[in-house]
>>> print(open('coords.pdb').read())   # PDB, C-alpha atoms and all ligand atoms
ATOM      1  CA  MET A 172     127.582 157.396 246.906
ATOM      2  CA  THR A 173     128.958 157.334 243.402
ATOM      3  CA  ARG A 174     127.979 154.834 240.755
ATOM      4  CA  SER A 175     131.275 153.015 241.147
ATOM      5  CA  THR A 176     130.570 152.134 244.777
ATOM      6  CA  PRO A 177     130.095 148.362 244.867
ATOM      7  CA  ARG A 178     126.567 147.411 245.787
ATOM      8  CA  LEU A 179     127.808 144.771 248.157
ATOM      9  CA  LEU A 180     129.751 147.318 250.163
ATOM     10  CA  LEU A 181     126.492 149.132 250.718
ATOM     11  CA  ALA A 182     124.834 145.907 251.738
ATOM     12  CA  LEU A 183     127.689 145.110 254.095
ATOM     13  CA  CYS A 184     127.421 148.472 255.769
ATOM     14  CA  ALA A 185     123.962 147.485 256.885
ATOM     15  CA  VAL A 186     124.957 144.102 258.304
ATOM     16  CA  PRO A 187     128.225 143.773 260.244
ATOM     17  CA  ILE A 188     128.512 147.514 260.684
ATOM     18  CA  ALA A 189     130.158 147.266 264.088
ATOM     19  CA  TRP A 190     132.966 145.216 262.570
ATOM     20  CA  LEU A 191     133.499 147.524 259.643
ATOM     21  CA  VAL A 192     133.486 150.581 261.883
ATOM     22  CA  ALA A 193     135.833 148.903 264.354
ATOM     23  CA  THR A 194     138.321 148.102 261.608
ATOM     24  CA  GLY A 195     138.030 151.582 260.174
ATOM     25  CA  VAL A 196     136.903 150.630 256.685
ATOM     26  CA  HIS A 197     133.875 152.791 256.954
ATOM     27  CA  ALA A 198     134.743 155.094 259.811
ATOM     28  CA  GLU A 199     137.721 156.660 258.070
ATOM     29  CA  GLY A 200     135.562 157.311 255.047
ATOM     30  CA  GLU A 201     138.024 155.483 252.816
ATOM     31  CA  ARG A 202     136.899 155.252 249.258
ATOM     32  CA  PRO A 203     137.681 152.022 247.442
ATOM     33  CA  PRO A 204     139.915 152.579 244.405
ATOM     34  CA  ALA A 205     138.159 153.098 241.082
ATOM     35  CA  PRO A 206     137.873 149.726 239.318
ATOM     36  CA  SER A 207     139.488 151.024 236.141
ATOM     37  CA  THR A 208     142.807 151.608 237.963
ATOM     38  CA  ILE A 209     143.204 147.931 238.913
ATOM     39  CA  PRO A 210     145.225 145.954 236.324
ATOM     40  CA  GLY A 211     143.516 142.886 234.849
ATOM     41  CA  ILE A 212     140.111 143.764 236.253
ATOM     42  CA  ASP A 213     138.608 144.063 232.784
ATOM     43  CA  GLN A 214     139.003 140.287 232.374
ATOM     44  CA  LEU A 215     136.537 139.629 235.202
ATOM     45  CA  ALA A 216     132.773 139.313 234.806
ATOM     46  CA  GLY A 217     131.154 142.704 235.463
ATOM     47  CA  HIS A 218     129.650 141.873 238.851
ATOM     48  CA  LEU A 219     133.039 140.583 240.072
ATOM     49  CA  ALA A 220     134.887 143.617 238.738
ATOM     50  CA  GLU A 221     132.519 145.655 240.895
ATOM     51  CA  LEU A 222     133.500 143.635 243.974
ATOM     52  CA  VAL A 223     137.274 143.780 243.632
ATOM     53  CA  PRO A 224     137.678 147.407 244.821
ATOM     54  CA  MET A 225     135.959 146.329 248.033
ATOM     55  CA  CYS A 226     138.247 143.283 248.445
ATOM     56  CA  VAL A 227     141.340 145.431 248.058
ATOM     57  CA  ALA A 228     140.015 148.035 250.509
ATOM     58  CA  CYS A 229     140.917 145.431 253.164
ATOM     59  CA  HIS A 230     143.409 143.121 251.453
ATOM     60  CA  GLY A 231     145.364 146.028 249.962
ATOM     61  CA  GLU A 232     145.356 147.790 246.641
ATOM     62  CA  ASN A 233     148.943 146.708 245.991
ATOM     63  CA  GLY A 234     148.623 143.515 248.027
ATOM     64  CA  VAL A 235     149.755 145.002 251.359
ATOM     65  CA  PRO A 236     146.857 144.396 253.752
ATOM     66  CA  ASN A 237     145.260 147.467 255.301
ATOM     67  CA  TYR A 238     144.286 145.727 258.544
ATOM     68  CA  ALA A 239     146.199 143.572 261.007
ATOM     69  CA  GLU A 240     143.792 140.644 260.628
ATOM     70  CA  SER A 241     143.455 140.732 256.825
ATOM     71  CA  PRO A 242     145.799 138.254 255.127
ATOM     72  CA  ILE A 243     147.802 138.808 251.963
ATOM     73  CA  ILE A 244     145.802 137.220 249.161
ATOM     74  CA  ASP A 245     147.732 138.592 246.171
ATOM     75  CA  GLY A 246     149.997 135.885 244.765
ATOM     76  CA  GLN A 247     148.580 133.209 247.103
ATOM     77  CA  HIS A 248     147.902 129.884 245.360
ATOM     78  CA  GLU A 249     144.747 129.751 243.280
ATOM     79  CA  GLY A 250     143.608 126.365 244.638
ATOM     80  CA  TYR A 251     144.041 127.500 248.232
ATOM     81  CA  ILE A 252     142.196 130.809 247.679
ATOM     82  CA  TYR A 253     139.336 128.965 246.009
ATOM     83  CA  ILE A 254     139.005 126.498 248.900
ATOM     84  CA  GLN A 255     138.922 129.306 251.465
ATOM     85  CA  LEU A 256     136.240 131.216 249.545
ATOM     86  CA  ARG A 257     134.259 127.990 249.187
ATOM     87  CA  ASP A 258     134.619 127.300 252.931
ATOM     88  CA  TYR A 259     133.487 130.837 253.825
ATOM     89  CA  LYS A 260     130.499 130.260 251.553
ATOM     90  CA  ASN A 261     129.544 126.872 253.040
ATOM     91  CA  GLY A 262     130.233 128.205 256.543
ATOM     92  CA  SER A 263     132.929 125.686 257.507
ATOM     93  CA  ARG A 264     135.279 128.681 257.918
ATOM     94  CA  LYS A 265     133.558 131.370 259.908
ATOM     95  CA  HIS A 266     134.187 135.095 259.658
ATOM     96  CA  GLU A 267     131.300 137.542 259.781
ATOM     97  CA  VAL A 268     132.491 139.730 256.919
ATOM     98  CA  MET A 269     133.967 137.055 254.619
ATOM     99  CA  ASN A 270     130.883 134.808 255.043
ATOM    100  CA  GLU A 271     128.634 137.694 254.036
ATOM    101  CA  ILE A 272     130.779 138.696 251.054
ATOM    102  CA  VAL A 273     130.737 135.310 249.311
ATOM    103  CA  LYS A 274     127.267 134.150 250.268
ATOM    104  CA  ASP A 275     125.586 135.021 246.954
ATOM    105  CA  LEU A 276     128.529 134.188 244.686
ATOM    106  CA  SER A 277     128.579 131.053 242.519
ATOM    107  CA  ARG A 278     131.403 128.501 242.500
ATOM    108  CA  GLN A 279     132.408 129.897 239.104
ATOM    109  CA  ASP A 280     132.593 133.409 240.621
ATOM    110  CA  LEU A 281     134.831 132.096 243.416
ATOM    111  CA  ARG A 282     137.079 130.386 240.857
ATOM    112  CA  GLU A 283     137.390 133.606 238.860
ATOM    113  CA  LEU A 284     138.234 135.640 241.965
ATOM    114  CA  ALA A 285     140.817 133.048 243.044
ATOM    115  CA  ALA A 286     142.480 133.108 239.616
ATOM    116  CA  PHE A 287     142.474 136.919 239.605
ATOM    117  CA  PHE A 288     144.156 137.331 243.001
ATOM    118  CA  ALA A 289     146.592 134.444 242.443
ATOM    119  CA  LYS A 290     147.969 136.191 239.338
ATOM    120  CA  ARG A 291     148.791 139.404 241.217
ATOM    121  CA  PRO A 292     152.332 139.724 242.645
ATOM    122  CA  TRP A 293     152.948 138.721 246.281
ATOM    123  CA  PRO A 294     153.951 141.888 248.191
ATOM    124  CA  ARG A 295     157.073 142.068 250.352
ATOM    125  CA  LEU A 296     156.174 143.357 253.806
ATOM    126  CA  GLN A 297     159.732 143.250 255.199
ATOM    127  CA  GLN A 298     158.645 142.171 258.649
ATOM    128  CA  GLN A 299     161.350 141.472 261.223
ATOM    129  CA  ALA A 300     161.599 138.482 263.531
ATOM    130  CA  GLU A 301     163.132 138.780 266.999
ATOM    131  CA  GLU A 302     166.631 137.629 267.805
ATOM    132  CA  GLY A 303     166.740 133.887 268.340
ATOM    133  CA  ASP A 304     163.318 133.260 266.739
ATOM    134  CA  ASP A 305     164.878 131.339 263.856
ATOM    135  CA  VAL A 306     166.525 128.686 266.040
ATOM    136  CA  VAL A 307     163.389 128.099 268.118
ATOM    137  CA  ALA A 308     161.006 128.244 265.142
ATOM    138  CA  GLU A 309     163.050 125.805 263.063
ATOM    139  CA  ARG A 310     162.986 123.315 265.931
ATOM    140  CA  LEU A 311     159.221 123.789 266.379
ATOM    141  CA  ALA A 312     158.629 123.497 262.634
ATOM    142  CA  SER A 313     160.664 120.352 262.274
ATOM    143  CA  ALA A 314     158.785 118.732 265.182
ATOM    144  CA  GLY A 315     155.513 119.596 263.391
ATOM    145  CA  MET A 316     156.799 118.597 259.945
ATOM    146  CA  CYS A 317     155.479 121.910 258.644
ATOM    147  CA  LYS A 318     157.722 121.781 255.574
ATOM    148  CA  GLU A 319     156.482 118.352 254.547
ATOM    149  CA  CYS A 320     153.263 120.036 253.469
ATOM    150  CA  HIS A 321     154.109 123.733 253.153
ATOM    151  CA  LEU A 322     157.212 122.832 251.100
ATOM    152  CA  GLY A 323     160.630 124.401 250.683
ATOM    153  CA  GLY A 324     160.805 128.043 251.710
ATOM    154  CA  TYR A 325     157.230 127.655 253.019
ATOM    155  CA  LEU A 326     156.045 128.650 249.555
ATOM    156  CA  GLY A 327     153.180 126.135 249.433
ATOM    157  CA  ASP A 328     151.519 124.902 246.248
ATOM    158  CA  GLY A 329     148.039 124.108 244.994
ATOM    159  CA  THR A 330     145.697 123.904 247.969
ATOM    160  CA  VAL A 331     148.511 124.311 250.534
ATOM    161  CA  PRO A 332     149.015 127.994 251.348
ATOM    162  CA  ARG A 333     152.207 130.009 251.086
ATOM    163  CA  LEU A 334     153.220 131.045 254.613
ATOM    164  CA  ALA A 335     156.534 132.805 253.850
ATOM    165  CA  GLY A 336     156.124 136.560 254.247
ATOM    166  CA  GLN A 337     152.438 136.373 255.234
ATOM    167  CA  LEU A 338     151.323 139.133 257.614
ATOM    168  CA  THR A 339     152.613 138.103 261.056
ATOM    169  CA  SER A 340     149.609 139.457 262.957
ATOM    170  CA  TYR A 341     147.274 137.432 260.709
ATOM    171  CA  LEU A 342     149.371 134.260 261.129
ATOM    172  CA  VAL A 343     149.008 134.587 264.910
ATOM    173  CA  VAL A 344     145.235 135.047 264.660
ATOM    174  CA  THR A 345     144.657 132.173 262.263
ATOM    175  CA  MET A 346     146.972 129.668 264.012
ATOM    176  CA  ARG A 347     145.276 130.401 267.325
ATOM    177  CA  ALA A 348     141.907 130.048 265.589
ATOM    178  CA  PHE A 349     142.930 126.614 264.248
ATOM    179  CA  LYS A 350     144.014 125.661 267.756
ATOM    180  CA  THR A 351     140.727 126.687 269.411
ATOM    181  CA  LYS A 352     138.801 125.305 266.373
ATOM    182  CA  GLU A 353     137.234 128.684 265.797
ATOM    183  CA  ARG A 354     138.768 128.003 262.348
ATOM    184  CA  ALA A 355     137.464 124.498 261.809
ATOM    185  CA  ASN A 356     137.963 123.912 258.098
ATOM    186  CA  ASN A 357     141.069 121.756 258.441
ATOM    187  CA  ALA A 358     141.131 119.159 261.204
ATOM    188  CA  ALA A 359     144.793 118.227 260.641
ATOM    189  CA  MET A 360     145.980 121.829 261.173
ATOM    190  CA  SER A 361     143.796 122.091 264.296
ATOM    191  CA  SER A 362     145.117 118.947 265.939
ATOM    192  CA  LEU A 363     148.696 119.830 265.021
ATOM    193  CA  LEU A 364     148.513 123.379 266.422
ATOM    194  CA  ASP A 365     146.813 122.075 269.528
ATOM    195  CA  THR A 366     150.248 120.711 270.476
ATOM    196  CA  TYR A 367     151.801 124.228 270.471
ATOM    197  CA  THR A 368     151.523 126.893 273.171
ATOM    198  CA  ASP A 369     150.390 130.424 272.298
ATOM    199  CA  GLU A 370     153.979 131.632 272.815
ATOM    200  CA  GLU A 371     155.301 128.987 270.395
ATOM    201  CA  ILE A 372     152.689 130.064 267.844
ATOM    202  CA  ASP A 373     153.906 133.666 268.198
ATOM    203  CA  VAL A 374     157.498 132.604 267.480
ATOM    204  CA  LEU A 375     156.422 130.558 264.435
ATOM    205  CA  ALA A 376     154.358 133.498 263.146
ATOM    206  CA  ARG A 377     157.229 135.994 263.523
ATOM    207  CA  TYR A 378     159.653 133.572 261.841
ATOM    208  CA  LEU A 379     157.334 132.805 258.904
ATOM    209  CA  GLY A 380     156.329 136.450 258.483
ATOM    210  CA  ALA A 381     159.970 137.503 258.211
ATOM    211  CA  LEU A 382     160.892 134.927 255.503
TER     212      LEU A 382
HETATM  213  C1  LIG B   1     136.120 144.346 255.463
HETATM  214  C2  LIG B   1     137.406 143.762 255.129
HETATM  215  C3  LIG B   1     137.438 142.666 254.074
HETATM  216  C4  LIG B   1     136.863 142.678 252.826
HETATM  217  C5  LIG B   1     136.015 143.745 252.192
HETATM  218  C6  LIG B   1     137.270 141.418 252.201
HETATM  219  N1  LIG B   1     138.029 140.677 253.063
HETATM  220 FE1  LIG B   1     138.793 138.829 252.699
HETATM  221  N2  LIG B   1     139.390 138.706 254.628
HETATM  222  C7  LIG B   1     139.284 139.702 255.573
HETATM  223  C8  LIG B   1     139.727 139.203 256.858
HETATM  224  C9  LIG B   1     139.779 139.987 258.159
HETATM  225  C10 LIG B   1     140.115 137.862 256.647
HETATM  226  C11 LIG B   1     140.591 136.838 257.699
HETATM  227  C12 LIG B   1     139.339 136.195 258.247
HETATM  228  C13 LIG B   1     139.584 134.990 259.087
HETATM  229  O1  LIG B   1     140.371 135.094 260.039
HETATM  230  O2  LIG B   1     139.003 133.931 258.741
HETATM  231  C14 LIG B   1     139.904 137.590 255.237
HETATM  232  C15 LIG B   1     140.194 136.367 254.624
HETATM  233  C16 LIG B   1     140.187 136.163 253.260
HETATM  234  C17 LIG B   1     140.722 134.990 252.593
HETATM  235  C18 LIG B   1     141.443 133.827 253.252
HETATM  236  C19 LIG B   1     142.953 133.987 253.052
HETATM  237  C20 LIG B   1     143.799 132.997 253.785
HETATM  238  O3  LIG B   1     145.051 133.157 253.765
HETATM  239  O4  LIG B   1     143.274 132.059 254.362
HETATM  240  C21 LIG B   1     140.486 135.162 251.256
HETATM  241  C22 LIG B   1     140.865 134.207 250.134
HETATM  242  C23 LIG B   1     139.803 136.428 251.096
HETATM  243  N3  LIG B   1     139.636 137.022 252.328
HETATM  244  C24 LIG B   1     139.397 136.966 249.880
HETATM  245  C25 LIG B   1     138.597 138.103 249.756
HETATM  246  C26 LIG B   1     137.975 138.524 248.525
HETATM  247  C27 LIG B   1     138.139 137.829 247.183
HETATM  248  C28 LIG B   1     137.237 139.657 248.816
HETATM  249  C29 LIG B   1     136.317 140.441 247.910
HETATM  250  C30 LIG B   1     135.321 139.645 247.185
HETATM  251  C31 LIG B   1     137.453 139.945 250.235
HETATM  252  N4  LIG B   1     138.268 138.977 250.761
HETATM  253  C32 LIG B   1     136.915 141.036 250.910
HETATM  254  C33 LIG B   1     138.819 140.985 255.353
HETATM  255  C34 LIG B   1     138.138 141.400 254.220
HETATM  256  C1  LIG B   2     149.700 117.445 256.716
HETATM  257  C2  LIG B   2     150.055 118.645 255.997
HETATM  258  C3  LIG B   2     150.348 119.894 256.814
HETATM  259  C4  LIG B   2     151.249 120.049 257.842
HETATM  260  C5  LIG B   2     152.170 119.003 258.454
HETATM  261  C6  LIG B   2     151.191 121.458 258.226
HETATM  262  N1  LIG B   2     150.271 122.117 257.468
HETATM  263 FE1  LIG B   2     149.675 124.044 257.721
HETATM  264  N2  LIG B   2     148.225 123.785 256.345
HETATM  265  C7  LIG B   2     148.030 122.639 255.586
HETATM  266  C8  LIG B   2     146.888 122.844 254.704
HETATM  267  C9  LIG B   2     146.336 121.846 253.691
HETATM  268  C10 LIG B   2     146.402 124.139 254.978
HETATM  269  C11 LIG B   2     145.179 124.800 254.348
HETATM  270  C12 LIG B   2     143.985 124.460 255.218
HETATM  271  C13 LIG B   2     142.705 125.017 254.691
HETATM  272  O1  LIG B   2     142.322 124.682 253.565
HETATM  273  O2  LIG B   2     142.085 125.803 255.423
HETATM  274  C14 LIG B   2     147.259 124.698 256.009
HETATM  275  C15 LIG B   2     147.100 125.970 256.541
HETATM  276  C16 LIG B   2     148.018 126.580 257.375
HETATM  277  C17 LIG B   2     147.966 127.962 257.792
HETATM  278  C18 LIG B   2     146.920 128.986 257.374
HETATM  279  C19 LIG B   2     147.487 129.919 256.318
HETATM  280  C20 LIG B   2     146.527 130.991 255.902
HETATM  281  O3  LIG B   2     146.845 131.724 254.947
HETATM  282  O4  LIG B   2     145.460 131.120 256.500
HETATM  283  C21 LIG B   2     149.028 128.177 258.618
HETATM  284  C22 LIG B   2     149.415 129.477 259.284
HETATM  285  C23 LIG B   2     149.754 126.925 258.715
HETATM  286  N3  LIG B   2     149.106 125.975 257.947
HETATM  287  C24 LIG B   2     150.904 126.742 259.467
HETATM  288  C25 LIG B   2     151.523 125.510 259.661
HETATM  289  C26 LIG B   2     152.608 125.278 260.583
HETATM  290  C27 LIG B   2     153.271 126.351 261.412
HETATM  291  C28 LIG B   2     152.884 123.936 260.535
HETATM  292  C29 LIG B   2     153.867 123.154 261.386
HETATM  293  C30 LIG B   2     153.729 123.353 262.820
HETATM  294  C31 LIG B   2     151.988 123.352 259.557
HETATM  295  N4  LIG B   2     151.165 124.329 259.045
HETATM  296  C32 LIG B   2     151.977 122.011 259.217
HETATM  297  C33 LIG B   2     148.769 121.497 255.639
HETATM  298  C34 LIG B   2     149.720 121.212 256.597
END
>>> encode(input="coords.pdb", output="structure tokens")
Amino acid sequence: MTRSTPRLLLALCAVPIAWLVATGVHAEGERPPAPSTIPGIDQLAGHLAELVPMCVACHGENGVPNYAESPIIDGQHEGYIYIQLRDYKNGSRKHEVMNEIVKDLSRQDLRELAAFFAKRPWPRLQQQAEEGDDVVAERLASAGMCKECHLGGYLGDGTVPRLAGQLTSYLVVTMRAFKTKERANNAAMSSLLDTYTDEEIDVLARYLGAL
């Protein structure tokens, strides 16, 4: 291990190792990018600058996620990112790896990380929907008043996340998790998605991912 290897990555290897191996982070022997190559990283406190290469090993060095279940966080709204990190820390949003990563960070650390990722450009994944998805999805979305909160173009604002162009495979996972309450940090989203079938969630995810 080189000096630039984040200490937390080492710690993580010892804990949810099965998860990391399963997702390939460790198994493929990928080396996180050197911190100095990441723009803006010098404005972060030293211990956070050490963490960022690990974050981007999953969430993507240029914002394009490396794993099907890792969301885009670059260019997401600062308020929303902060709330998610806070919820992973207080355990109201559960995910083995994310809970572990933020557990020893202060609120100020979480704010700094949120501001850092929010300033990076949102990547374009150029995902395709299937023929006819738009008609069905727009009907489903208007029944659920999705745009009332997620706003025009599904671009979100403040503590409401941008959905447009988010990784489709992640949108499926997280909407199903809201529905089953495995993701239990927003009761309104859970009760709303409870009214949709898994197939309807898939259509919504493909439509939103392709925007
Ligand atoms: C080993 C891979 C991995 C690492 C390392 C990692 N993440 Fe994550 N992150 C994920 C996955 C997978 C999810 C989705 C978890 C879920 O479904 O709740 C996630 C979720 C998130 C979310 C929620 C986004 C949303 O749209 O709701 C944020 C914010 C986040 N991570 C930030 C970070 C930050 C900041 C770091 C570094 C300090 C980091 N992550 C490190 C894999 C990772
Ligand atoms: C009453 C306002 C409201 C409505 C209506 C609403 N949402 Fe949400 N949605 C939110 C908020 C707030 C969050 C962030 C929850 C959190 O902090 O975890 C969210 C989160 C999400 C997420 C998670 C994004 C991520 O990055 O993890 C998805 C996906 C989503 N909403 C889809 C939808 C869809 C599809 C509809 C319509 C069927 C919808 N929402 C309707 C307020 C709303």
>>> resolve_selection(input="coords.pdb", expression="the PyMOL selection byres (((chain A and resi 278) around 12) and not hetatm)", output="MDAnalysis selection string")
chainID A and resid 253:261 273:277 279:285
>>> residues_near_ligand(input="coords.pdb", ligand="ligand LIG 2 (chain B)", cutoff="7 Å", atoms="only C-alpha atoms and all ligand atoms", output="ChimeraX atom specification")
/A:242,251,254-255,311-312,315-321,330-334,342,345-346,356-357,359-360,363-364,375
>>> atom_distance(input="coords.pdb", atom1="atom CA of A:Gly231", atom2="atom CA of A:Asp328")
22.3 Å
>>> resolve_selection(input="coords.pdb", expression="the PyMOL selection byres (((not hetatm)) within 9 of (chain B and resi 1))", output="PDB file with C-alpha atoms, keeping the file's coordinate frame")
ATOM      1  CA  LEU A 180     129.751 147.318 250.163  1.00  0.00           C
ATOM      2  CA  LEU A 183     127.689 145.110 254.095  1.00  0.00           C
ATOM      3  CA  TRP A 190     132.966 145.216 262.570  1.00  0.00           C
ATOM      4  CA  LEU A 191     133.499 147.524 259.643  1.00  0.00           C
ATOM      5  CA  THR A 194     138.321 148.102 261.608  1.00  0.00           C
ATOM      6  CA  GLY A 195     138.030 151.582 260.174  1.00  0.00           C
ATOM      7  CA  VAL A 196     136.903 150.630 256.685  1.00  0.00           C
ATOM      8  CA  HIS A 197     133.875 152.791 256.954  1.00  0.00           C
ATOM      9  CA  LEU A 219     133.039 140.583 240.072  1.00  0.00           C
ATOM     10  CA  LEU A 222     133.500 143.635 243.974  1.00  0.00           C
ATOM     11  CA  VAL A 223     137.274 143.780 243.632  1.00  0.00           C
ATOM     12  CA  PRO A 224     137.678 147.407 244.821  1.00  0.00           C
ATOM     13  CA  MET A 225     135.959 146.329 248.033  1.00  0.00           C
ATOM     14  CA  CYS A 226     138.247 143.283 248.445  1.00  0.00           C
ATOM     15  CA  VAL A 227     141.340 145.431 248.058  1.00  0.00           C
ATOM     16  CA  ALA A 228     140.015 148.035 250.509  1.00  0.00           C
ATOM     17  CA  CYS A 229     140.917 145.431 253.164  1.00  0.00           C
ATOM     18  CA  HIS A 230     143.409 143.121 251.453  1.00  0.00           C
ATOM     19  CA  PRO A 236     146.857 144.396 253.752  1.00  0.00           C
ATOM     20  CA  ASN A 237     145.260 147.467 255.301  1.00  0.00           C
ATOM     21  CA  TYR A 238     144.286 145.727 258.544  1.00  0.00           C
ATOM     22  CA  ALA A 239     146.199 143.572 261.007  1.00  0.00           C
ATOM     23  CA  GLU A 240     143.792 140.644 260.628  1.00  0.00           C
ATOM     24  CA  SER A 241     143.455 140.732 256.825  1.00  0.00           C
ATOM     25  CA  PRO A 242     145.799 138.254 255.127  1.00  0.00           C
ATOM     26  CA  ILE A 243     147.802 138.808 251.963  1.00  0.00           C
ATOM     27  CA  ILE A 244     145.802 137.220 249.161  1.00  0.00           C
ATOM     28  CA  GLN A 247     148.580 133.209 247.103  1.00  0.00           C
ATOM     29  CA  TYR A 251     144.041 127.500 248.232  1.00  0.00           C
ATOM     30  CA  ILE A 252     142.196 130.809 247.679  1.00  0.00           C
ATOM     31  CA  TYR A 253     139.336 128.965 246.009  1.00  0.00           C
ATOM     32  CA  ILE A 254     139.005 126.498 248.900  1.00  0.00           C
ATOM     33  CA  GLN A 255     138.922 129.306 251.465  1.00  0.00           C
ATOM     34  CA  LEU A 256     136.240 131.216 249.545  1.00  0.00           C
ATOM     35  CA  TYR A 259     133.487 130.837 253.825  1.00  0.00           C
ATOM     36  CA  ARG A 264     135.279 128.681 257.918  1.00  0.00           C
ATOM     37  CA  LYS A 265     133.558 131.370 259.908  1.00  0.00           C
ATOM     38  CA  HIS A 266     134.187 135.095 259.658  1.00  0.00           C
ATOM     39  CA  GLU A 267     131.300 137.542 259.781  1.00  0.00           C
ATOM     40  CA  VAL A 268     132.491 139.730 256.919  1.00  0.00           C
ATOM     41  CA  MET A 269     133.967 137.055 254.619  1.00  0.00           C
ATOM     42  CA  ASN A 270     130.883 134.808 255.043  1.00  0.00           C
ATOM     43  CA  ILE A 272     130.779 138.696 251.054  1.00  0.00           C
ATOM     44  CA  VAL A 273     130.737 135.310 249.311  1.00  0.00           C
ATOM     45  CA  LEU A 281     134.831 132.096 243.416  1.00  0.00           C
ATOM     46  CA  LEU A 284     138.234 135.640 241.965  1.00  0.00           C
ATOM     47  CA  ALA A 285     140.817 133.048 243.044  1.00  0.00           C
ATOM     48  CA  PHE A 287     142.474 136.919 239.605  1.00  0.00           C
ATOM     49  CA  PHE A 288     144.156 137.331 243.001  1.00  0.00           C
ATOM     50  CA  PRO A 332     149.015 127.994 251.348  1.00  0.00           C
ATOM     51  CA  ARG A 333     152.207 130.009 251.086  1.00  0.00           C
ATOM     52  CA  LEU A 334     153.220 131.045 254.613  1.00  0.00           C
ATOM     53  CA  GLN A 337     152.438 136.373 255.234  1.00  0.00           C
ATOM     54  CA  TYR A 341     147.274 137.432 260.709  1.00  0.00           C
ATOM     55  CA  LEU A 342     149.371 134.260 261.129  1.00  0.00           C
ATOM     56  CA  VAL A 344     145.235 135.047 264.660  1.00  0.00           C
ATOM     57  CA  THR A 345     144.657 132.173 262.263  1.00  0.00           C
ATOM     58  CA  ALA A 348     141.907 130.048 265.589  1.00  0.00           C
ATOM     59  CA  GLU A 353     137.234 128.684 265.797  1.00  0.00           C
ATOM     60  CA  ARG A 354     138.768 128.003 262.348  1.00  0.00           C
TER      61      ARG A 354
END
>>> atom_distance(input="coords.pdb", atom1="atom CA of A:Glu249", atom2="atom CA of A:Ala289")
5.1 Å
>>> resolve_selection(input="coords.pdb", expression="the PyMOL selection byres (((chain A and resi 211) around 10) and not hetatm)", output="PyMOL selection string")
chain A and resi 206-210+212-215+220+287-288+290-291
>>> closest_residue(input="coords.pdb", among="A:Leu296, A:Arg347, A:Tyr378, A:Leu322", to="A:Ser362", atoms="only C-alpha atoms")
A:Arg347
>>> closest_residue(input="coords.pdb", among="A:Ser313, A:Thr351, A:Thr366, A:Gln298", to="A:Leu379", atoms="only C-alpha atoms")
A:Gln298
>>> atom_distance(input="coords.pdb", atom1="atom CA of A:Thr368", atom2="atom CA of A:Gly324")
23.4 Å
>>> axis_aligned_box(input="coords.pdb", around="stretch 357-363 of chain A", padding_each_side="3 Å", output="JSON")
{"center_x": 144.9, "center_y": 120.2, "center_z": 262.2, "size_x": 13.6, "size_y": 9.9, "size_z": 13.5}
>>> closest_residue(input="coords.pdb", among="A:Ile372, A:Ala216, A:Gly250, A:Ala355", to="A:Ala308", atoms="only C-alpha atoms")
A:Ile372
>>> closest_residue(input="coords.pdb", among="A:Ala376, A:Glu302, A:Asp369, A:Ser361", to="A:Ala335", atoms="all atoms listed in the file")
A:Ala376
>>> closest_residue(input="coords.pdb", among="A:Asp365, A:Gly336, A:Asp245, A:Glu301", to="A:Phe349", atoms="all atoms listed in the file")
A:Asp365
>>> closest_residue(input="coords.pdb", among="A:Asp304, A:Glu221, A:Glu271, A:Glu232", to="A:Leu382", atoms="all atoms listed in the file")
A:Asp304
>>> build_atoms(input="coords.pdb", residues="stretch 231-240 of chain A", atoms="N, CA and C atoms", output="PDB file, in the coordinates of the input")
ATOM      1  N   GLY A 231     144.293 145.171 250.457  1.00  0.00           N
ATOM      2  CA  GLY A 231     145.364 146.028 249.962  1.00  0.00           C
ATOM      3  C   GLY A 231     145.350 146.209 248.465  1.00  0.00           C
ATOM      4  N   GLU A 232     145.405 147.460 248.061  1.00  0.00           N
ATOM      5  CA  GLU A 232     145.356 147.790 246.641  1.00  0.00           C
ATOM      6  C   GLU A 232     146.574 147.230 245.918  1.00  0.00           C
ATOM      7  N   ASN A 233     147.736 147.290 246.591  1.00  0.00           N
ATOM      8  CA  ASN A 233     148.943 146.708 245.991  1.00  0.00           C
ATOM      9  C   ASN A 233     149.350 145.447 246.736  1.00  0.00           C
ATOM     10  N   GLY A 234     148.371 144.796 247.379  1.00  0.00           N
ATOM     11  CA  GLY A 234     148.623 143.515 248.027  1.00  0.00           C
ATOM     12  C   GLY A 234     149.032 143.621 249.487  1.00  0.00           C
ATOM     13  N   VAL A 235     149.377 144.825 249.947  1.00  0.00           N
ATOM     14  CA  VAL A 235     149.755 145.002 251.359  1.00  0.00           C
ATOM     15  C   VAL A 235     148.478 145.235 252.164  1.00  0.00           C
ATOM     16  N   PRO A 236     148.140 144.283 253.052  1.00  0.00           N
ATOM     17  CA  PRO A 236     146.857 144.396 253.752  1.00  0.00           C
ATOM     18  C   PRO A 236     146.722 145.703 254.538  1.00  0.00           C
ATOM     19  N   ASN A 237     145.507 146.217 254.580  1.00  0.00           N
ATOM     20  CA  ASN A 237     145.260 147.467 255.301  1.00  0.00           C
ATOM     21  C   ASN A 237     144.935 147.240 256.769  1.00  0.00           C
ATOM     22  N   TYR A 238     144.684 146.010 257.163  1.00  0.00           N
ATOM     23  CA  TYR A 238     144.286 145.727 258.544  1.00  0.00           C
ATOM     24  C   TYR A 238     145.066 144.543 259.081  1.00  0.00           C
ATOM     25  N   ALA A 239     145.332 144.574 260.379  1.00  0.00           N
ATOM     26  CA  ALA A 239     146.199 143.572 261.007  1.00  0.00           C
ATOM     27  C   ALA A 239     145.662 142.150 260.868  1.00  0.00           C
ATOM     28  N   GLU A 240     144.347 141.999 260.699  1.00  0.00           N
ATOM     29  CA  GLU A 240     143.792 140.644 260.628  1.00  0.00           C
ATOM     30  C   GLU A 240     143.442 140.224 259.209  1.00  0.00           C
TER      31      GLU A 240
END
